[in-house]
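Undergrad: See entry-v7.cif below, with mmCIF, C-alpha atoms.
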```cif
data_final
#
loop_
_atom_site.label_atom_id
_atom_site.label_comp_id
_atom_site.auth_asym_id
_atom_site.auth_seq_id
_atom_site.Cartn_x
_atom_site.Cartn_y
_atom_site.Cartn_z
CA GLU A 1 109.67 101.43 80.95
CA ALA A 2 107.44 104.44 81.72
CA VAL A 3 107.63 105.58 78.09
CA SER A 4 106.71 102.12 76.80
CA LEU A 5 103.68 102.07 79.08
CA LEU A 6 102.69 105.54 77.84
CA ASN A 7 102.77 104.36 74.22
CA ILE A 8 100.59 101.37 75.06
CA LEU A 9 98.20 103.58 77.02
CA PHE A 10 97.97 106.13 74.21
CA SER A 11 97.14 103.37 71.73
CA GLU A 12 94.23 102.27 73.91
CA ILE A 13 93.03 105.86 74.38
CA SER A 14 93.27 106.46 70.63
CA ARG A 15 91.04 103.45 69.92
CA TRP A 16 88.57 104.62 72.57
CA CYS A 17 88.46 108.13 71.02
CA THR A 18 87.90 106.69 67.55
CA LYS A 19 85.12 104.47 68.83
CA ASN A 20 83.42 107.42 70.57
CA LYS A 21 84.01 109.83 67.65
CA LEU A 22 86.32 112.15 69.61
CA THR A 23 89.18 114.08 68.01
CA VAL A 24 92.51 114.64 69.76
CA HIS A 25 94.95 117.33 68.56
CA PRO A 26 98.43 115.82 69.13
CA THR A 27 100.15 119.09 68.13
CA LYS A 28 98.72 120.63 71.32
CA CYS A 29 99.95 117.76 73.51
CA LYS A 30 103.21 117.54 75.43
CA VAL A 31 104.91 114.78 77.39
CA MET A 32 106.44 115.37 80.83
CA ILE A 33 107.95 112.66 82.97
CA ILE A 34 107.82 113.68 86.62
CA SER A 35 110.74 112.40 88.68
CA ARG A 36 113.18 113.76 91.24
CA ARG A 37 115.99 111.87 89.50
CA ASN A 38 117.83 112.98 86.37
CA PHE A 39 117.42 110.83 83.28
CA ILE A 40 120.54 109.49 81.60
CA GLY A 41 120.60 109.00 77.85
CA PRO A 42 117.98 109.71 75.16
CA LEU A 43 114.35 108.97 75.89
CA GLN A 44 112.20 106.80 73.67
CA ASN A 45 109.72 108.63 71.45
CA VAL A 46 106.17 108.93 72.68
CA LYS A 47 103.62 108.81 69.88
CA TRP A 48 99.97 109.57 69.40
CA GLU A 49 99.10 107.46 66.38
CA ASN A 50 101.68 108.67 63.80
CA THR A 51 102.63 111.94 65.54
CA THR A 52 105.66 112.13 67.84
CA LEU A 53 104.95 114.20 70.93
CA ASP A 54 107.51 116.68 72.27
CA TYR A 55 109.00 116.37 75.74
CA THR A 56 108.82 119.33 78.11
CA ASN A 57 110.08 120.13 81.60
CA THR A 58 107.27 122.56 82.45
CA ILE A 59 103.64 122.90 81.50
CA LYS A 60 100.82 125.20 82.56
CA VAL A 61 97.65 123.47 83.76
CA LEU A 62 94.66 125.52 84.91
CA GLY A 63 96.84 128.49 85.77
CA VAL A 64 99.53 126.54 87.66
CA ILE A 65 102.96 125.86 86.14
CA ILE A 66 104.01 122.28 86.89
CA ASP A 67 107.66 121.28 86.48
CA ASN A 68 109.06 117.78 86.16
CA LYS A 69 110.71 117.96 89.60
CA LEU A 70 107.59 119.30 91.36
CA SER A 71 109.74 122.03 92.86
CA TRP A 72 107.17 124.70 91.84
CA GLU A 73 110.07 127.08 91.19
CA PRO A 74 108.94 128.08 87.65
CA HIS A 75 105.42 128.84 88.93
CA ILE A 76 106.68 130.95 91.83
CA LYS A 77 109.12 132.88 89.62
CA VAL A 78 106.26 133.85 87.30
CA LEU A 79 104.12 134.69 90.33
CA MET A 80 106.85 136.89 91.81
CA LYS A 81 107.30 138.77 88.54
CA SER A 82 103.57 139.44 88.31
CA LEU A 83 103.32 140.46 91.97
CA ASN A 84 106.17 142.93 91.59
CA VAL A 85 104.32 144.60 88.73
CA GLN A 86 101.11 144.75 90.77
CA LEU A 87 102.92 146.19 93.78
CA LYS A 88 104.40 148.93 91.59
CA THR A 89 100.89 149.79 90.47
CA LEU A 90 99.79 149.79 94.11
CA LYS A 91 102.61 152.18 94.94
CA ARG A 92 101.50 154.59 92.21
CA ILE A 93 98.08 154.89 93.86
CA SER A 94 99.42 154.99 97.41
CA TYR A 95 97.83 158.42 97.82
CA LEU A 96 94.53 156.59 98.45
CA PRO A 97 93.47 155.87 102.07
CA PRO A 98 95.03 152.68 103.54
CA GLN A 99 91.57 151.10 103.90
CA LYS A 100 90.95 151.46 100.15
CA LEU A 101 94.39 150.13 99.24
CA GLU A 102 94.00 147.18 101.59
CA SER A 103 90.63 146.38 100.05
CA ILE A 104 92.16 146.43 96.56
CA TYR A 105 95.04 144.23 97.69
CA TYR A 106 92.89 141.59 99.40
CA LYS A 107 90.19 141.51 96.75
CA MET A 108 92.33 141.63 93.61
CA ILE A 109 95.94 140.69 94.34
CA ILE A 110 95.83 138.16 97.19
CA PRO A 111 93.32 135.84 95.42
CA TYR A 112 95.70 135.71 92.45
CA ALA A 113 98.81 135.29 94.62
CA THR A 114 97.31 132.44 96.68
CA TYR A 115 95.54 130.63 93.84
CA CYS A 116 96.12 126.87 94.36
CA ILE A 117 98.46 127.61 97.29
CA SER A 118 97.46 124.28 98.86
CA VAL A 119 99.26 122.67 95.88
CA TRP A 120 102.40 124.78 95.32
CA GLY A 121 102.69 125.84 98.98
CA SER A 122 104.76 122.69 99.51
CA CYS A 123 107.70 124.35 97.74
CA SER A 124 111.02 124.94 99.48
CA THR A 125 111.15 127.29 102.45
CA SER A 126 113.42 129.72 100.59
CA LEU A 127 110.98 130.04 97.68
CA PHE A 128 108.02 130.53 100.00
CA GLU A 129 109.91 133.21 101.95
CA THR A 130 110.50 135.22 98.78
CA LEU A 131 106.72 135.47 98.33
CA GLU A 132 106.32 136.28 102.01
CA LEU A 133 108.70 139.22 101.59
CA LEU A 134 106.52 140.58 98.77
CA HIS A 135 103.49 140.25 101.06
CA ILE A 136 105.39 142.27 103.69
CA LYS A 137 106.35 144.81 101.04
CA ALA A 138 102.67 145.27 100.21
CA ALA A 139 101.94 145.92 103.88
CA ARG A 140 104.68 148.57 103.98
CA ILE A 141 103.29 150.31 100.88
CA ILE A 142 99.65 150.29 101.99
CA HIS A 143 100.17 151.29 105.62
CA LYS A 144 103.30 153.39 105.03
CA VAL A 145 105.32 151.38 107.53
CA PRO A 146 108.72 153.03 108.19
CA PRO A 147 111.80 151.20 106.81
CA SER A 148 113.28 151.11 110.30
CA LEU A 149 110.75 148.47 111.39
CA ASN A 150 112.08 144.93 110.99
CA ASP A 151 110.32 142.71 108.44
CA ASN A 152 109.43 140.21 111.18
CA HIS A 153 107.23 142.79 112.91
CA VAL A 154 105.52 144.45 109.94
CA LEU A 155 102.56 142.06 109.54
CA GLY A 156 101.85 142.13 113.27
CA LYS A 157 101.82 145.92 113.27
CA VAL A 158 99.27 146.14 110.43
CA ASN A 159 97.28 143.17 111.79
CA TRP A 160 97.77 140.95 108.73
CA GLN A 161 98.18 137.18 108.55
CA ASP A 162 101.21 135.78 106.74
CA LEU A 163 101.00 133.58 103.64
CA GLY A 164 101.96 130.56 105.74
CA TYR A 165 98.72 130.97 107.68
CA ILE A 166 96.73 131.14 104.44
CA TYR A 167 98.48 127.98 103.21
CA LYS A 168 97.63 126.00 106.36
CA LYS A 169 94.06 127.28 106.33
CA ARG A 170 93.60 126.14 102.72
CA ILE A 171 94.93 122.70 103.66
CA ALA A 172 92.42 122.56 106.53
CA VAL A 173 89.56 123.40 104.15
CA GLU A 174 90.75 120.76 101.67
CA MET A 175 90.92 118.13 104.42
CA PHE A 176 87.42 119.06 105.63
CA ASN A 177 86.05 118.51 102.12
CA ILE A 178 87.84 115.16 101.88
CA ILE A 179 86.56 113.88 105.22
CA LYS A 180 82.99 115.11 104.83
CA SER A 181 82.74 113.53 101.38
CA GLN A 182 82.54 110.08 103.05
CA GLY A 183 84.92 108.53 100.59
CA ASN A 184 83.60 110.26 97.46
CA HIS A 185 86.40 112.84 97.18
CA ARG A 186 89.11 112.30 94.56
CA LEU A 187 91.74 112.15 97.33
CA SER A 188 89.82 110.07 99.88
CA PHE A 189 91.93 106.98 99.17
CA MET A 190 95.01 108.72 100.60
CA PHE A 191 93.69 109.09 104.15
CA ASN A 192 92.35 106.80 106.87
CA LEU A 193 89.98 108.28 109.44
CA LYS A 194 90.21 107.34 113.11
CA GLU A 195 87.66 108.24 115.79
CA SER A 196 88.92 109.81 119.02
CA LYS A 197 86.55 110.49 121.93
CA ARG A 198 88.71 113.32 123.21
CA ARG A 199 89.75 115.02 119.97
CA GLY A 200 87.03 113.98 117.52
CA ASN A 201 87.78 112.61 114.05
CA GLU A 202 91.49 112.22 113.41
CA ILE A 203 93.50 111.02 110.43
CA GLU A 204 96.21 108.41 110.73
CA MET A 205 99.62 109.95 110.06
CA ASN A 206 101.03 108.80 106.73
CA LYS A 207 104.63 107.65 106.89
CA THR A 208 107.16 109.12 104.48
CA ILE A 209 110.87 108.38 104.16
CA THR A 210 111.92 111.52 102.29
CA GLU A 211 111.70 115.26 102.88
CA PHE A 212 109.87 115.52 99.56
CA GLY A 213 107.15 113.26 100.99
CA ARG A 214 106.92 115.40 104.13
CA GLN A 215 106.17 118.43 101.95
CA SER A 216 103.13 116.83 100.31
CA LEU A 217 99.44 117.00 101.22
CA PHE A 218 99.73 113.25 101.90
CA PHE A 219 101.75 114.11 105.04
CA ARG A 220 100.82 117.71 105.83
CA GLY A 221 97.07 117.19 105.51
CA PRO A 222 96.85 114.92 108.59
CA VAL A 223 99.24 117.21 110.51
CA VAL A 224 96.95 120.21 110.03
CA TRP A 225 93.69 118.30 110.61
CA ASN A 226 94.83 116.52 113.78
CA ASN A 227 95.86 119.83 115.35
CA LEU A 228 92.48 121.49 114.79
CA ASP A 229 89.93 122.07 117.51
CA LYS A 230 87.31 119.34 118.00
CA ASN A 231 84.48 121.82 117.38
CA ALA A 232 85.98 122.72 114.02
CA LYS A 233 86.26 119.06 112.99
CA ASN A 234 82.62 118.44 113.90
CA SER A 235 81.30 121.40 111.86
CA GLU A 236 78.11 120.61 109.96
CA ASN A 237 79.13 122.44 106.79
CA ILE A 238 82.03 124.28 105.20
CA ASN A 239 80.73 127.77 106.13
CA ILE A 240 80.61 126.93 109.84
CA PHE A 241 84.04 125.32 109.53
CA LYS A 242 85.57 128.46 107.97
CA SER A 243 83.91 130.62 110.62
CA ILE A 244 85.51 128.56 113.41
CA LEU A 245 88.90 128.65 111.67
CA LYS A 246 88.85 132.46 111.82
CA LYS A 247 88.65 132.22 115.59
CA CYS A 248 91.53 129.72 115.71
CA SER A 249 94.16 131.81 113.93
CA LYS A 250 96.73 131.38 116.72
CA LEU A 251 96.27 127.62 116.66
CA ILE A 252 96.68 127.44 112.87
CA LYS A 253 99.78 129.65 112.93
CA SER A 254 101.35 127.41 115.59
CA ILE A 255 101.15 124.32 113.38
CA SER A 256 104.62 123.35 112.19
CA PHE A 257 105.75 120.91 109.50
CA THR A 258 109.35 120.92 110.68
CA LYS A 259 110.78 117.49 111.32
CA GLY A 260 110.52 116.59 115.00
CA THR A 261 107.67 119.03 115.73
CA CYS A 262 104.79 117.09 114.17
CA ASN A 263 102.87 115.34 116.90
CA ASN A 264 101.55 111.84 116.29
CA ARG A 265 98.16 111.72 118.02
CA ASN A 266 97.34 108.24 116.72
CA LYS A 267 98.79 106.29 119.66
CA ASN A 268 96.71 103.59 121.26
CA THR A 269 96.57 104.97 124.81
CA GLU A 270 94.52 101.99 126.03
CA ASP A 271 97.71 99.90 126.20
CA PHE A 272 99.60 102.51 128.22
CA ILE A 273 100.15 102.02 131.98
CA TYR A 274 100.50 105.21 134.03
CA PHE A 275 102.27 105.26 137.40
#
```
Let's see the structure in the file written out as structure tokens.
TA:
Amino acid sequence: EAVSLLNILFSEISRWCTKNKLTVHPTKCKVMIISRRNFIGPLQNVKWENTTLDYTNTIKVLGVIIDNKLSWEPHIKVLMKSLNVQLKTLKRISYLPPQKLESIYYKMIIPYATYCISVWGSCSTSLFETLELLHIKAARIIHKVPPSLNDNHVLGKVNWQDLGYIYKKRIAVEMFNIIKSQGNHRLSFMFNLKESKRRGNEIEMNKTITEFGRQSLFFRGPVVWNNLDKNAKNSENINIFKSILKKCSKLIKSISFTKGTCNNRNKNTEDFIYF
């Protein structure tokens, strides 16, 4: 059914392109059906005019590798391979002062490693932890941390934030842009704002029935936003918001997406009777 709809849609788009004198190169196009379920049997051909388009399980879009299961595993594997190469380069210049190495790492490597982390950061815990270990490895190289120190204590010793903190912070920034857009953001339709006198603007928690849904921005966005400080939520612009977030690092790190730990702050307390 999805393939049939695609063929109908492509026919309409083709007519629109012809009418507006636009040329599409079907040889550069691929088809990917995103689903958590496995397909049984051959799939119907998808065509652009007279050209049959090839199916693919992964495709790179704006630097992010998307797979048909949205597991983000192919993207993270490529990212890990690239990070390992960069860390080897970092090790070769480890004779430089730690301050210089840290500057190189945070200005050149971390921006690449965390590019679009608010999207692929919803991957499985095991995949995310493999990247976290590379982040810890970088800290060991730069600050010459002895091997005897446990991985859990390395980032604290060198005063670094983990990648999980960066992920939650990026989600907070994304949610700020959505809310302050007053409905003009591309994702505004996903969230409903609710005013709270005590905690400021809050977002109604979106219900999901699967773990896959709990890993999405649809669910995690409200979790992060509702746990932020009221002053942060009421920031006039994004620069003030980011400045306040820096002071709330402990709060951001304490936010958990684990089932049973996400607080629902959208209760109607006016109907509650206290004894």
Undergrad: Would you list the residues near (90.0, 112.6, 112.4) (no more than 12 Å away, in the coordinates of the file, using only C-alpha atoms) as an MDAnalysis selection string?
TA: chainID A and resid 172 175:176 178:180 191:205 221:234 265:266
Undergrad: I'd like the interatomic distance between CA of Lys242 in chain A and CA of Arg220 in chain A, to a tenth of an Å.
TA: 18.8 Å
Undergrad: Given only C-alpha atoms as the basis, pick out the residue of A:Val119, A:Lys169, A:Ile40, A:Pro146 nearest to Ser216 in chain A.
TA: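 Of the candidates, the smallest distance to Ser216 in chain A is held by A:Val119.
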Undergrad: Report the residues retrieved by the PyMOL selection byres ((chain A and resi 79) around 10) from the displayed file, expressed as a list in words.
TA: Val64, Ile65, Glu73, Pro74, His75, Ile76, Lys77, Val78, Met80, Lys81, Ser82, Leu83, Asn84, Tyr112, Ala113, Thr114 and Leu131 of chain A
Undergrad: Hey, what's within 7 Å of Val46 in chain A if we count all atoms listed in the file and toss same-chain stuff fewer than 4 positions away? As a list in words, please?
TA: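 What passes the distance filter is Val3, Asn7, Thr52 and Leu53 of chain A.
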Undergrad: Is there a way to complete range 22-52 of chain A with N, CA and C atoms and then write that out as a PDB file, in the frame of the given file?
TA:
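Wrote it out as rebuild_35.pdb, contents follow:
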```pdb
ATOM      1  N   LEU A  22      85.661 110.990  69.007  1.00  0.00           N
ATOM      2  CA  LEU A  22      86.320 112.150  69.610  1.00  0.00           C
ATOM      3  C   LEU A  22      87.636 112.412  68.889  1.00  0.00           C
ATOM      4  N   THR A  23      87.963 113.697  68.724  1.00  0.00           N
ATOM      5  CA  THR A  23      89.180 114.080  68.010  1.00  0.00           C
ATOM      6  C   THR A  23      90.200 114.659  68.982  1.00  0.00           C
ATOM      7  N   VAL A  24      91.416 114.142  68.931  1.00  0.00           N
ATOM      8  CA  VAL A  24      92.510 114.640  69.760  1.00  0.00           C
ATOM      9  C   VAL A  24      93.498 115.380  68.858  1.00  0.00           C
ATOM     10  N   HIS A  25      93.981 116.543  69.321  1.00  0.00           N
ATOM     11  CA  HIS A  25      94.950 117.330  68.560  1.00  0.00           C
ATOM     12  C   HIS A  25      96.353 117.096  69.139  1.00  0.00           C
ATOM     13  N   PRO A  26      97.107 116.161  68.567  1.00  0.00           N
ATOM     14  CA  PRO A  26      98.430 115.820  69.130  1.00  0.00           C
ATOM     15  C   PRO A  26      99.417 116.978  69.107  1.00  0.00           C
ATOM     16  N   THR A  27      99.228 117.947  68.191  1.00  0.00           N
ATOM     17  CA  THR A  27     100.150 119.090  68.130  1.00  0.00           C
ATOM     18  C   THR A  27     100.034 119.981  69.370  1.00  0.00           C
ATOM     19  N   LYS A  28      98.927 119.845  70.095  1.00  0.00           N
ATOM     20  CA  LYS A  28      98.720 120.630  71.320  1.00  0.00           C
ATOM     21  C   LYS A  28      99.109 119.845  72.576  1.00  0.00           C
ATOM     22  N   CYS A  29      99.605 118.632  72.376  1.00  0.00           N
ATOM     23  CA  CYS A  29      99.950 117.760  73.510  1.00  0.00           C
ATOM     24  C   CYS A  29     101.450 117.751  73.765  1.00  0.00           C
ATOM     25  N   LYS A  30     101.819 117.638  75.019  1.00  0.00           N
ATOM     26  CA  LYS A  30     103.210 117.540  75.430  1.00  0.00           C
ATOM     27  C   LYS A  30     103.376 116.355  76.372  1.00  0.00           C
ATOM     28  N   VAL A  31     104.601 115.887  76.486  1.00  0.00           N
ATOM     29  CA  VAL A  31     104.910 114.780  77.390  1.00  0.00           C
ATOM     30  C   VAL A  31     105.866 115.283  78.465  1.00  0.00           C
ATOM     31  N   MET A  32     105.546 115.010  79.725  1.00  0.00           N
ATOM     32  CA  MET A  32     106.440 115.370  80.830  1.00  0.00           C
ATOM     33  C   MET A  32     106.523 114.199  81.790  1.00  0.00           C
ATOM     34  N   ILE A  33     107.725 113.748  82.018  1.00  0.00           N
ATOM     35  CA  ILE A  33     107.950 112.660  82.970  1.00  0.00           C
ATOM     36  C   ILE A  33     108.375 113.275  84.293  1.00  0.00           C
ATOM     37  N   ILE A  34     107.561 113.082  85.307  1.00  0.00           N
ATOM     38  CA  ILE A  34     107.820 113.680  86.620  1.00  0.00           C
ATOM     39  C   ILE A  34     108.669 112.732  87.461  1.00  0.00           C
ATOM     40  N   SER A  35     109.834 113.207  87.858  1.00  0.00           N
ATOM     41  CA  SER A  35     110.740 112.400  88.680  1.00  0.00           C
ATOM     42  C   SER A  35     111.759 113.320  89.339  1.00  0.00           C
ATOM     43  N   ARG A  36     112.162 112.982  90.541  1.00  0.00           N
ATOM     44  CA  ARG A  36     113.180 113.760  91.240  1.00  0.00           C
ATOM     45  C   ARG A  36     114.581 113.404  90.743  1.00  0.00           C
ATOM     46  N   ARG A  37     114.694 112.309  90.016  1.00  0.00           N
ATOM     47  CA  ARG A  37     115.990 111.870  89.500  1.00  0.00           C
ATOM     48  C   ARG A  37     116.199 112.403  88.083  1.00  0.00           C
ATOM     49  N   ASN A  38     117.479 112.554  87.720  1.00  0.00           N
ATOM     50  CA  ASN A  38     117.830 112.980  86.370  1.00  0.00           C
ATOM     51  C   ASN A  38     117.912 111.772  85.458  1.00  0.00           C
ATOM     52  N   PHE A  39     117.372 111.921  84.245  1.00  0.00           N
ATOM     53  CA  PHE A  39     117.420 110.830  83.280  1.00  0.00           C
ATOM     54  C   PHE A  39     118.764 110.837  82.558  1.00  0.00           C
ATOM     55  N   ILE A  40     119.272 109.634  82.310  1.00  0.00           N
ATOM     56  CA  ILE A  40     120.540 109.490  81.600  1.00  0.00           C
ATOM     57  C   ILE A  40     120.252 108.881  80.226  1.00  0.00           C
ATOM     58  N   GLY A  41     120.778 109.528  79.188  1.00  0.00           N
ATOM     59  CA  GLY A  41     120.600 109.000  77.850  1.00  0.00           C
ATOM     60  C   GLY A  41     119.323 109.486  77.197  1.00  0.00           C
ATOM     61  N   PRO A  42     119.169 109.248  75.891  1.00  0.00           N
ATOM     62  CA  PRO A  42     117.980 109.710  75.160  1.00  0.00           C
ATOM     63  C   PRO A  42     116.741 108.925  75.558  1.00  0.00           C
ATOM     64  N   LEU A  43     115.619 109.606  75.552  1.00  0.00           N
ATOM     65  CA  LEU A  43     114.350 108.970  75.890  1.00  0.00           C
ATOM     66  C   LEU A  43     113.662 108.459  74.624  1.00  0.00           C
ATOM     67  N   GLN A  44     112.951 107.371  74.786  1.00  0.00           N
ATOM     68  CA  GLN A  44     112.200 106.800  73.670  1.00  0.00           C
ATOM     69  C   GLN A  44     111.085 107.747  73.253  1.00  0.00           C
ATOM     70  N   ASN A  45     110.789 107.767  71.960  1.00  0.00           N
ATOM     71  CA  ASN A  45     109.720 108.630  71.450  1.00  0.00           C
ATOM     72  C   ASN A  45     108.358 108.195  71.974  1.00  0.00           C
ATOM     73  N   VAL A  46     107.560 109.195  72.305  1.00  0.00           N
ATOM     74  CA  VAL A  46     106.170 108.930  72.680  1.00  0.00           C
ATOM     75  C   VAL A  46     105.297 109.385  71.525  1.00  0.00           C
ATOM     76  N   LYS A  47     104.415 108.502  71.063  1.00  0.00           N
ATOM     77  CA  LYS A  47     103.620 108.810  69.880  1.00  0.00           C
ATOM     78  C   LYS A  47     102.128 108.738  70.139  1.00  0.00           C
ATOM     79  N   TRP A  48     101.423 109.650  69.483  1.00  0.00           N
ATOM     80  CA  TRP A  48      99.970 109.570  69.400  1.00  0.00           C
ATOM     81  C   TRP A  48      99.640 109.234  67.954  1.00  0.00           C
ATOM     82  N   GLU A  49      99.281 107.988  67.735  1.00  0.00           N
ATOM     83  CA  GLU A  49      99.100 107.460  66.380  1.00  0.00           C
ATOM     84  C   GLU A  49     100.405 107.642  65.614  1.00  0.00           C
ATOM     85  N   ASN A  50     100.447 108.506  64.597  1.00  0.00           N
ATOM     86  CA  ASN A  50     101.680 108.670  63.800  1.00  0.00           C
ATOM     87  C   ASN A  50     102.449 109.948  64.149  1.00  0.00           C
ATOM     88  N   THR A  51     101.989 110.670  65.162  1.00  0.00           N
ATOM     89  CA  THR A  51     102.630 111.940  65.540  1.00  0.00           C
ATOM     90  C   THR A  51     103.497 111.761  66.775  1.00  0.00           C
ATOM     91  N   THR A  52     104.745 112.195  66.687  1.00  0.00           N
ATOM     92  CA  THR A  52     105.660 112.130  67.840  1.00  0.00           C
ATOM     93  C   THR A  52     105.439 113.350  68.716  1.00  0.00           C
TER      94      THR A  52
END
```
